[in-house]
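Source file: upload_15.csv; contents: CSV, C-alpha atoms.
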chain,number,residue,atom,x,y,z
R,13,MET,CA,-71.3,-71.5,50.7
R,14,PHE,CA,-70.8,-68.8,48.1
R,15,SER,CA,-69.8,-65.2,47.6
R,16,ILE,CA,-71.8,-62.7,45.6
R,17,VAL,CA,-69.7,-59.9,44.1
R,18,ILE,CA,-71.4,-56.7,43.0
R,19,PRO,CA,-69.4,-53.8,41.3
R,20,LEU,CA,-71.0,-50.4,41.9
R,21,PHE,CA,-70.6,-47.0,40.2
R,22,ASN,CA,-73.2,-44.4,40.9
R,23,GLU,CA,-76.0,-46.9,41.8
R,24,SER,CA,-77.4,-45.0,44.8
R,25,LYS,CA,-81.0,-45.3,43.5
R,26,ASN,CA,-80.7,-49.0,42.7
R,27,ILE,CA,-78.6,-50.7,45.3
R,28,THR,CA,-81.1,-50.8,48.2
R,29,GLU,CA,-83.8,-52.5,46.3
R,30,LEU,CA,-81.3,-54.9,44.7
R,31,LEU,CA,-79.9,-55.9,48.1
R,32,ASN,CA,-83.4,-56.4,49.5
R,33,GLU,CA,-84.2,-58.6,46.5
R,34,ILE,CA,-81.1,-60.7,46.9
R,35,SER,CA,-81.9,-61.2,50.6
R,36,ILE,CA,-85.4,-62.4,49.8
R,37,SER,CA,-84.3,-64.6,46.9
R,38,LEU,CA,-81.7,-66.4,49.1
R,39,ASN,CA,-84.0,-66.9,52.0
R,40,ASP,CA,-83.3,-70.7,51.9
R,41,TYR,CA,-79.5,-70.1,52.1
R,42,LYS,CA,-77.5,-69.3,55.2
R,43,ASP,CA,-73.8,-69.5,54.4
R,44,TYR,CA,-73.0,-66.7,51.9
R,45,GLU,CA,-71.6,-63.2,51.8
R,46,ILE,CA,-72.2,-60.2,49.6
R,47,ILE,CA,-69.2,-58.2,48.5
R,48,LEU,CA,-69.8,-54.7,47.3
R,49,VAL,CA,-67.0,-52.9,45.5
R,50,ASP,CA,-67.7,-49.2,45.1
R,51,ASP,CA,-65.7,-47.9,42.1
R,52,ASN,CA,-65.2,-44.4,43.5
R,53,SER,CA,-68.8,-43.3,42.9
R,54,THR,CA,-69.5,-39.6,42.6
R,55,ASP,CA,-73.0,-39.9,44.1
R,56,ASN,CA,-73.9,-41.2,47.6
R,57,THR,CA,-73.7,-44.9,46.8
R,58,LEU,CA,-71.0,-45.4,49.4
R,59,ASP,CA,-73.0,-43.7,52.1
R,60,ILE,CA,-76.0,-45.9,51.4
R,61,ILE,CA,-74.2,-49.2,51.5
R,62,ASN,CA,-72.3,-48.2,54.6
R,63,ASN,CA,-75.7,-47.7,56.3
R,64,PHE,CA,-77.1,-51.0,55.2
R,65,LYS,CA,-77.3,-53.2,58.3
R,66,ASP,CA,-76.5,-56.7,57.2
R,67,ASN,CA,-73.6,-58.8,58.6
R,68,LYS,CA,-73.4,-60.7,55.3
R,69,ILE,CA,-72.3,-57.5,53.5
R,70,LYS,CA,-68.6,-56.5,53.1
R,71,ILE,CA,-67.7,-53.2,51.5
R,72,PHE,CA,-64.6,-52.2,49.6
R,73,GLN,CA,-63.9,-48.9,47.8
R,74,ASN,CA,-61.5,-48.1,44.9
R,75,ASN,CA,-59.4,-45.0,45.6
R,76,LYS,CA,-60.2,-43.9,42.0
R,77,ASN,CA,-62.5,-45.1,39.2
R,78,LYS,CA,-60.8,-48.3,38.0
R,79,GLY,CA,-63.6,-50.0,36.0
R,80,GLN,CA,-65.8,-53.0,36.2
R,81,SER,CA,-63.1,-55.7,35.6
R,82,PHE,CA,-60.9,-54.3,38.4
R,83,SER,CA,-63.8,-54.1,40.8
R,84,ILE,CA,-65.0,-57.6,40.1
R,85,SER,CA,-61.5,-59.0,40.4
R,86,LEU,CA,-60.9,-57.2,43.7
R,87,GLY,CA,-64.2,-58.5,45.1
R,88,ILE,CA,-63.3,-62.1,44.1
R,89,LYS,CA,-59.8,-61.8,45.7
R,90,LYS,CA,-61.4,-60.5,48.9
R,91,SER,CA,-64.1,-63.3,49.0
R,92,LEU,CA,-64.1,-66.1,51.5
R,93,TYR,CA,-65.7,-68.9,49.4
R,94,ASN,CA,-64.7,-70.7,46.2
R,95,THR,CA,-68.1,-70.4,44.6
R,96,ILE,CA,-68.4,-66.9,43.1
R,97,ILE,CA,-71.6,-65.3,41.8
R,98,THR,CA,-71.4,-62.0,39.9
R,99,ILE,CA,-74.4,-59.7,39.3
R,100,ASP,CA,-74.6,-56.1,38.1
R,101,GLY,CA,-75.5,-53.3,40.6
R,102,ASP,CA,-78.1,-51.6,38.3
R,103,GLY,CA,-80.9,-54.1,39.0
R,104,GLN,CA,-81.3,-55.3,35.4
R,105,ASN,CA,-80.1,-58.8,36.4
R,106,ASP,CA,-82.9,-60.5,38.3
R,107,PRO,CA,-81.7,-61.8,41.7
R,108,TYR,CA,-84.5,-64.4,41.7
R,109,ASP,CA,-82.5,-66.2,39.0
R,110,ILE,CA,-79.6,-66.7,41.3
R,111,PRO,CA,-81.0,-69.9,43.0
R,112,LYS,CA,-81.6,-71.4,39.6
R,113,LEU,CA,-78.1,-70.9,38.4
R,114,LEU,CA,-76.6,-71.9,41.8
R,115,LYS,CA,-78.7,-75.1,41.9
R,116,TYR,CA,-77.5,-76.1,38.5
R,117,PHE,CA,-73.8,-75.3,39.4
R,118,ASN,CA,-74.0,-77.3,42.6
R,119,GLU,CA,-75.8,-80.3,41.1
R,120,ASN,CA,-73.6,-80.6,38.0
R,121,LYS,CA,-70.1,-80.9,39.2
R,122,ASP,CA,-68.7,-81.1,35.6
R,123,TYR,CA,-69.4,-77.5,35.0
R,124,GLU,CA,-67.1,-74.8,36.4
R,125,LEU,CA,-69.1,-71.9,35.0
R,126,VAL,CA,-72.8,-71.5,34.7
R,127,GLY,CA,-73.9,-68.3,33.1
R,128,GLY,CA,-77.1,-66.5,32.3
R,129,ILE,CA,-78.5,-65.8,28.8
R,130,ARG,CA,-80.7,-62.7,28.8
R,131,LYS,CA,-84.0,-63.3,27.1
R,132,LYS,CA,-86.1,-60.3,25.8
R,133,ARG,CA,-83.4,-57.8,26.7
R,134,LYS,CA,-84.6,-54.4,28.1
R,135,ASP,CA,-81.8,-52.2,26.6
R,136,SER,CA,-81.5,-49.5,24.1
R,137,PHE,CA,-81.5,-50.3,20.4
R,138,ILE,CA,-77.8,-49.2,20.0
R,139,LYS,CA,-76.8,-51.3,23.0
R,140,ILE,CA,-78.6,-54.4,21.7
R,141,ILE,CA,-77.2,-54.1,18.2
R,142,SER,CA,-73.6,-53.5,19.3
R,143,SER,CA,-73.9,-56.5,21.7
R,144,MET,CA,-75.2,-58.7,18.9
R,145,ILE,CA,-72.3,-57.7,16.6
R,146,ALA,CA,-69.8,-58.2,19.4
R,147,ASN,CA,-71.2,-61.6,20.3
R,148,TYR,CA,-71.1,-62.7,16.6
R,149,ILE,CA,-67.5,-61.6,16.1
R,150,ARG,CA,-66.4,-63.1,19.5
R,151,ALA,CA,-68.0,-66.5,18.8
R,152,LYS,CA,-66.2,-66.6,15.4
R,153,ILE,CA,-62.8,-65.8,16.9
R,154,LEU,CA,-62.9,-67.4,20.3
R,155,LYS,CA,-65.5,-70.3,19.8
R,156,ASP,CA,-66.7,-69.9,23.4
R,157,ASP,CA,-70.2,-71.4,22.7
R,158,CYS,CA,-71.9,-68.5,24.5
R,159,LYS,CA,-74.6,-66.4,22.9
R,160,ASP,CA,-74.5,-63.7,25.6
R,161,THR,CA,-71.1,-63.2,27.3
R,162,GLY,CA,-72.2,-59.8,28.4
R,163,CYS,CA,-74.7,-61.1,30.9
R,164,SER,CA,-73.1,-60.4,34.3
R,165,LEU,CA,-75.1,-63.0,36.2
R,166,LYS,CA,-72.7,-65.9,36.4
R,167,VAL,CA,-71.7,-68.6,38.9
R,168,PHE,CA,-68.1,-69.9,38.7
R,169,ASN,CA,-65.0,-71.4,40.4
R,170,LYS,CA,-62.9,-68.8,42.2
R,171,LYS,CA,-59.6,-70.7,42.0
R,172,ILE,CA,-59.9,-71.2,38.3
R,173,PHE,CA,-60.6,-67.5,37.8
R,174,LEU,CA,-57.5,-66.5,39.7
R,175,ASP,CA,-55.4,-68.6,37.4
R,176,PHE,CA,-56.3,-66.4,34.4
R,177,PRO,CA,-54.0,-63.5,33.6
R,178,TYR,CA,-55.8,-60.3,34.6
R,179,PHE,CA,-56.6,-57.6,32.0
R,180,ASN,CA,-59.1,-54.8,31.8
R,181,GLY,CA,-62.2,-56.3,30.3
R,182,ILE,CA,-61.7,-59.8,31.6
R,183,HIS,CA,-65.2,-60.0,33.0
R,184,ARG,CA,-66.6,-60.0,29.5
R,185,PHE,CA,-64.5,-63.0,28.4
R,186,LEU,CA,-65.0,-65.5,31.2
R,187,PRO,CA,-66.9,-68.0,28.9
R,188,ALA,CA,-64.0,-68.0,26.5
R,189,LEU,CA,-61.3,-68.3,29.2
R,190,PHE,CA,-63.1,-71.1,31.0
R,191,ARG,CA,-63.7,-73.0,27.8
R,192,GLY,CA,-60.3,-72.2,26.4
R,193,TYR,CA,-58.6,-73.6,29.5
R,194,GLY,CA,-60.5,-76.8,29.1
R,195,TYR,CA,-63.4,-76.4,31.6
R,196,LYS,CA,-67.0,-77.1,30.8
R,197,THR,CA,-69.5,-74.3,30.8
R,198,LYS,CA,-73.3,-74.1,30.7
R,199,TYR,CA,-75.7,-71.3,29.9
R,200,ILE,CA,-79.3,-70.9,31.1
R,201,ASP,CA,-82.0,-68.4,30.1
R,202,VAL,CA,-82.6,-65.7,32.7
R,203,ASN,CA,-84.8,-62.7,33.1
R,204,HIS,CA,-83.7,-59.2,32.1
R,205,ARG,CA,-85.3,-56.0,33.5
R,206,ASN,CA,-85.5,-52.4,32.6
R,207,ARG,CA,-83.1,-50.1,34.3
R,208,LYS,CA,-85.2,-48.0,36.7
R,209,HIS,CA,-82.6,-45.3,37.6
R,210,GLY,CA,-79.5,-43.9,36.0
R,211,PHE,CA,-77.7,-44.6,32.8
R,212,SER,CA,-75.4,-47.4,31.6
R,213,ASN,CA,-71.8,-46.6,30.6
R,214,TYR,CA,-71.6,-49.8,28.5
R,215,GLY,CA,-72.9,-51.1,25.2
R,216,THR,CA,-71.8,-48.3,22.8
R,217,PHE,CA,-70.0,-48.9,19.6
R,218,SER,CA,-66.8,-47.5,21.2
R,219,ARG,CA,-67.1,-50.4,23.7
R,220,LEU,CA,-67.5,-52.8,20.7
R,221,PHE,CA,-64.2,-51.7,19.2
R,222,GLN,CA,-62.4,-52.0,22.5
R,223,GLY,CA,-64.0,-55.5,22.8
R,224,ILE,CA,-62.5,-56.5,19.5
R,225,ARG,CA,-59.0,-55.5,20.7
R,226,ASP,CA,-59.7,-57.5,23.9
R,227,MET,CA,-60.7,-60.6,21.8
R,228,ILE,CA,-57.3,-60.5,20.1
R,229,LYS,CA,-55.7,-60.4,23.6
R,230,VAL,CA,-57.8,-63.4,24.8
R,231,ARG,CA,-56.9,-65.3,21.7
R,232,LYS,CA,-53.2,-64.9,22.5
R,233,ILE,CA,-53.8,-65.9,26.1
R,234,LEU,CA,-55.5,-69.1,25.0
R,235,ASN,CA,-52.9,-69.9,22.4
R,236,LYS,CA,-50.2,-69.5,25.0
R,237,ASN,CA,-52.0,-71.8,27.4
R,238,LYS,CA,-52.3,-74.5,24.7
R,239,LYS,CA,-48.5,-74.3,24.1
R,240,LEU,CA,-47.7,-74.7,27.8
R,241,LYS,CA,-49.7,-77.9,28.0

Once more with this new file: its structure as structure tokens, please.
Amino acid sequence: MFSIVIPLFNESKNITELLNEISISLNDYKDYEIILVDDNSTDNTLDIINNFKDNKIKIFQNNKNKGQSFSISLGIKKSLYNTIITIDGDGQNDPYDIPKLLKYFNENKDYELVGGIRKKRKDSFIKIISSMIANYIRAKILKDDCKDTGCSLKVFNKKIFLDFPYFNGIHRFLPALFRGYGYKTKYIDVNHRNRKHGFSNYGTFSRLFQGIRDMIKVRKILNKNKKLK
């Protein structure tokens, strides 16, 4: 049993194909739910998902644009199951990788987070370079042993996630938080695909600088947790 959480912002041209792919990829599974959190889209994303006939789908909408971290956290809080899977709504994460990560998570009980590492990324040059810089700096500061914390495709323990103090940007630092709180993590190579429709709002150098500020915040959280033990 598991819950798939998908944050959405203006993904009207991507979401139908993504949901169809998820359904096909999980054909061997029965007990799961898909939680869609619409981050106050300005296109017809909400209309499309409301018309999608699938009793496994639950839909929530933010009353204003609150960002990816808020949407993911809301979806997790609304979920029924303790095993959480996160995946982007733009279709760049490959749903056919979900069973591989889920199988490893279920068969290796020592790991509380299993994440994807995007191989042969299909992103713009600027997005790839800024990500590489951010990953290098983050690894030096937080020592999270993750080469690609920005890959949204992850499987992890809900109860542990809810123990972390929330902050805007938390979804990019789950490897550091799980590891910093003493939990074992594992990363597996996954497919990465071109974005067919729309444009990404992430991966620019402004996001890099915000990420550095967030790293300092995470470092303080982890240091405080160590002192409490």

Open item on the list: Could you check which residues have any atom within 12 Å of (-76.5, -70.2, 38.4), counting all atoms listed in the file with coordinates taken straight from the file, and then list them as a ChimeraX atom specification?
Closed with: /R:14,16,95-99,106-120,123-129,163-169,197-202

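Residues lying within 12 Å of Ser81 in chain R, counting only C-alpha atoms and ignoring same-chain neighbours fewer than 5 positions away, are R:Val17, R:Ile18, R:Pro19, R:Leu20, R:Val49, R:Asp51, R:Leu86, R:Gly87, R:Ile88, R:Thr98, R:Asp100, R:Ser164, R:Tyr178, R:Phe179, R:Asn180, R:Gly181, R:Ile182, R:His183, R:Arg184, R:Phe185, R:Leu186.
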
May I have the residues within 9 Å of range 146-152 of chain R as a CSV table (one decimal) with C-alpha atoms, keeping the file's coordinate frame, using only C-alpha atoms and disregarding those fewer than 3 positions away in the same chain?
chain,number,residue,atom,x,y,z
R,141,ILE,CA,-77.2,-54.1,18.2
R,142,SER,CA,-73.6,-53.5,19.3
R,143,SER,CA,-73.9,-56.5,21.7
R,155,LYS,CA,-65.5,-70.3,19.8
R,156,ASP,CA,-66.7,-69.9,23.4
R,157,ASP,CA,-70.2,-71.4,22.7
R,158,CYS,CA,-71.9,-68.5,24.5
R,159,LYS,CA,-74.6,-66.4,22.9
R,160,ASP,CA,-74.5,-63.7,25.6
R,161,THR,CA,-71.1,-63.2,27.3
R,162,GLY,CA,-72.2,-59.8,28.4
R,188,ALA,CA,-64.0,-68.0,26.5
R,220,LEU,CA,-67.5,-52.8,20.7
R,221,PHE,CA,-64.2,-51.7,19.2
R,223,GLY,CA,-64.0,-55.5,22.8
R,224,ILE,CA,-62.5,-56.5,19.5
R,227,MET,CA,-60.7,-60.6,21.8

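The smallest atom-to-atom distance between Leu48 in chain R and any of R:Ile27, R:Ile71, R:Leu189, R:Val230, using all atoms listed in the file, is found for R:Ile71.
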
- [ ] Give me, please, the distance in Å between CA of Met13 in chain R and CA of Tyr44 in chain R, quoted to one decimal.
- [x] 5.2 Å

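Across the structure, CA of Arg133 in chain R and CA of Phe190 in chain R are spaced 24.6 Å apart.
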
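Across the structure, CA of Ile46 in chain R and CA of Lys76 in chain R are spaced 21.6 Å apart.
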
- [ ] Could you tell me which of R:Lys68, R:His209, R:Lys89, R:Arg225 comes closest to Asp175 in chain R if we count all atoms listed in the file?
- [x] R:Lys89

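Take the candidates R:Ile153, R:Gly103, R:His204, R:Phe173 and check each one against Glu33 in chain R using all atoms listed in the file; the shortest distance goes to R:Gly103.
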
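If you measure from each of R:Asn206, R:Lys78, R:Tyr193, R:Asp50 to Glu23 in chain R using all atoms listed in the file, the closest one turns out to be R:Asp50.
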
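Nearest residue to Ile172 in chain R among R:Asn203, R:Asn75, R:Asn94, R:Ser83 is R:Asn94, counting only C-alpha atoms.
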
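Shortest atom-to-atom contact with Glu45 in chain R among R:Lys70, R:Lys65, R:Arg231, R:Lys25: R:Lys70, counting all atoms listed in the file.
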
Provide range 50-73 of chain R rebuilt to N, CA and C atoms, formatted as an mmCIF file, in the coordinates of the input.
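File produced: part02.cif:
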data_model
loop_
_atom_site.group_PDB
_atom_site.id
_atom_site.type_symbol
_atom_site.label_atom_id
_atom_site.label_comp_id
_atom_site.auth_asym_id
_atom_site.auth_seq_id
_atom_site.Cartn_x
_atom_site.Cartn_y
_atom_site.Cartn_z
ATOM 1 N N ASP R 50 -67.300 -50.480 45.584
ATOM 2 C CA ASP R 50 -67.700 -49.200 45.100
ATOM 3 C C ASP R 50 -66.499 -48.609 44.243
ATOM 4 N N ASP R 51 -66.773 -48.334 42.970
ATOM 5 C CA ASP R 51 -65.700 -47.900 42.100
ATOM 6 C C ASP R 51 -65.594 -46.373 42.062
ATOM 7 N N ASN R 52 -65.395 -45.832 43.277
ATOM 8 C CA ASN R 52 -65.200 -44.400 43.500
ATOM 9 C C ASN R 52 -66.386 -43.597 42.927
ATOM 10 N N SER R 53 -67.588 -44.000 43.356
ATOM 11 C CA SER R 53 -68.800 -43.300 42.900
ATOM 12 C C SER R 53 -68.788 -41.844 43.259
ATOM 13 N N THR R 54 -69.449 -41.040 42.406
ATOM 14 C CA THR R 54 -69.500 -39.600 42.600
ATOM 15 C C THR R 54 -70.867 -39.207 43.256
ATOM 16 N N ASP R 55 -71.764 -40.176 43.440
ATOM 17 C CA ASP R 55 -73.000 -39.900 44.100
ATOM 18 C C ASP R 55 -72.904 -40.452 45.566
ATOM 19 N N ASN R 56 -73.998 -40.730 46.220
ATOM 20 C CA ASN R 56 -73.900 -41.200 47.600
ATOM 21 C C ASN R 56 -74.085 -42.705 47.745
ATOM 22 N N THR R 57 -73.665 -43.447 46.722
ATOM 23 C CA THR R 57 -73.700 -44.900 46.800
ATOM 24 C C THR R 57 -72.993 -45.437 48.023
ATOM 25 N N LEU R 58 -71.798 -44.931 48.273
ATOM 26 C CA LEU R 58 -71.000 -45.400 49.400
ATOM 27 C C LEU R 58 -71.700 -45.181 50.735
ATOM 28 N N ASP R 59 -72.297 -44.011 50.900
ATOM 29 C CA ASP R 59 -73.000 -43.700 52.100
ATOM 30 C C ASP R 59 -74.180 -44.676 52.355
ATOM 31 N N ILE R 60 -74.889 -44.979 51.280
ATOM 32 C CA ILE R 60 -76.000 -45.900 51.400
ATOM 33 C C ILE R 60 -75.626 -47.277 51.784
ATOM 34 N N ILE R 61 -74.609 -47.809 51.144
ATOM 35 C CA ILE R 61 -74.200 -49.200 51.500
ATOM 36 C C ILE R 61 -73.560 -49.280 52.829
ATOM 37 N N ASN R 62 -72.896 -48.207 53.263
ATOM 38 C CA ASN R 62 -72.300 -48.200 54.600
ATOM 39 C C ASN R 62 -73.376 -48.221 55.696
ATOM 40 N N ASN R 63 -74.564 -47.739 55.366
ATOM 41 C CA ASN R 63 -75.700 -47.700 56.300
ATOM 42 C C ASN R 63 -76.570 -48.905 56.247
ATOM 43 N N PHE R 64 -76.253 -49.834 55.352
ATOM 44 C CA PHE R 64 -77.100 -51.000 55.200
ATOM 45 C C PHE R 64 -76.702 -52.030 56.265
ATOM 46 N N LYS R 65 -77.620 -52.349 57.137
ATOM 47 C CA LYS R 65 -77.300 -53.200 58.300
ATOM 48 C C LYS R 65 -77.523 -54.678 57.932
ATOM 49 N N ASP R 66 -76.454 -55.322 57.573
ATOM 50 C CA ASP R 66 -76.500 -56.700 57.200
ATOM 51 C C ASP R 66 -75.090 -57.304 57.414
ATOM 52 N N ASN R 67 -74.924 -58.248 58.323
ATOM 53 C CA ASN R 67 -73.600 -58.800 58.600
ATOM 54 C C ASN R 67 -73.038 -59.652 57.485
ATOM 55 N N LYS R 68 -73.856 -59.920 56.475
ATOM 56 C CA LYS R 68 -73.400 -60.700 55.300
ATOM 57 C C LYS R 68 -72.655 -59.773 54.315
ATOM 58 N N ILE R 69 -72.818 -58.468 54.464
ATOM 59 C CA ILE R 69 -72.300 -57.500 53.500
ATOM 60 C C ILE R 69 -70.885 -57.048 53.884
ATOM 61 N N LYS R 70 -69.977 -57.092 52.911
ATOM 62 C CA LYS R 70 -68.600 -56.500 53.100
ATOM 63 C C LYS R 70 -68.429 -55.476 52.001
ATOM 64 N N ILE R 71 -67.824 -54.360 52.383
ATOM 65 C CA ILE R 71 -67.700 -53.200 51.500
ATOM 66 C C ILE R 71 -66.253 -52.851 51.245
ATOM 67 N N PHE R 72 -65.929 -52.648 49.969
ATOM 68 C CA PHE R 72 -64.600 -52.200 49.600
ATOM 69 C C PHE R 72 -64.769 -51.013 48.621
ATOM 70 N N GLN R 73 -63.801 -50.096 48.648
ATOM 71 C CA GLN R 73 -63.900 -48.900 47.800
ATOM 72 C C GLN R 73 -62.578 -48.728 47.027
#
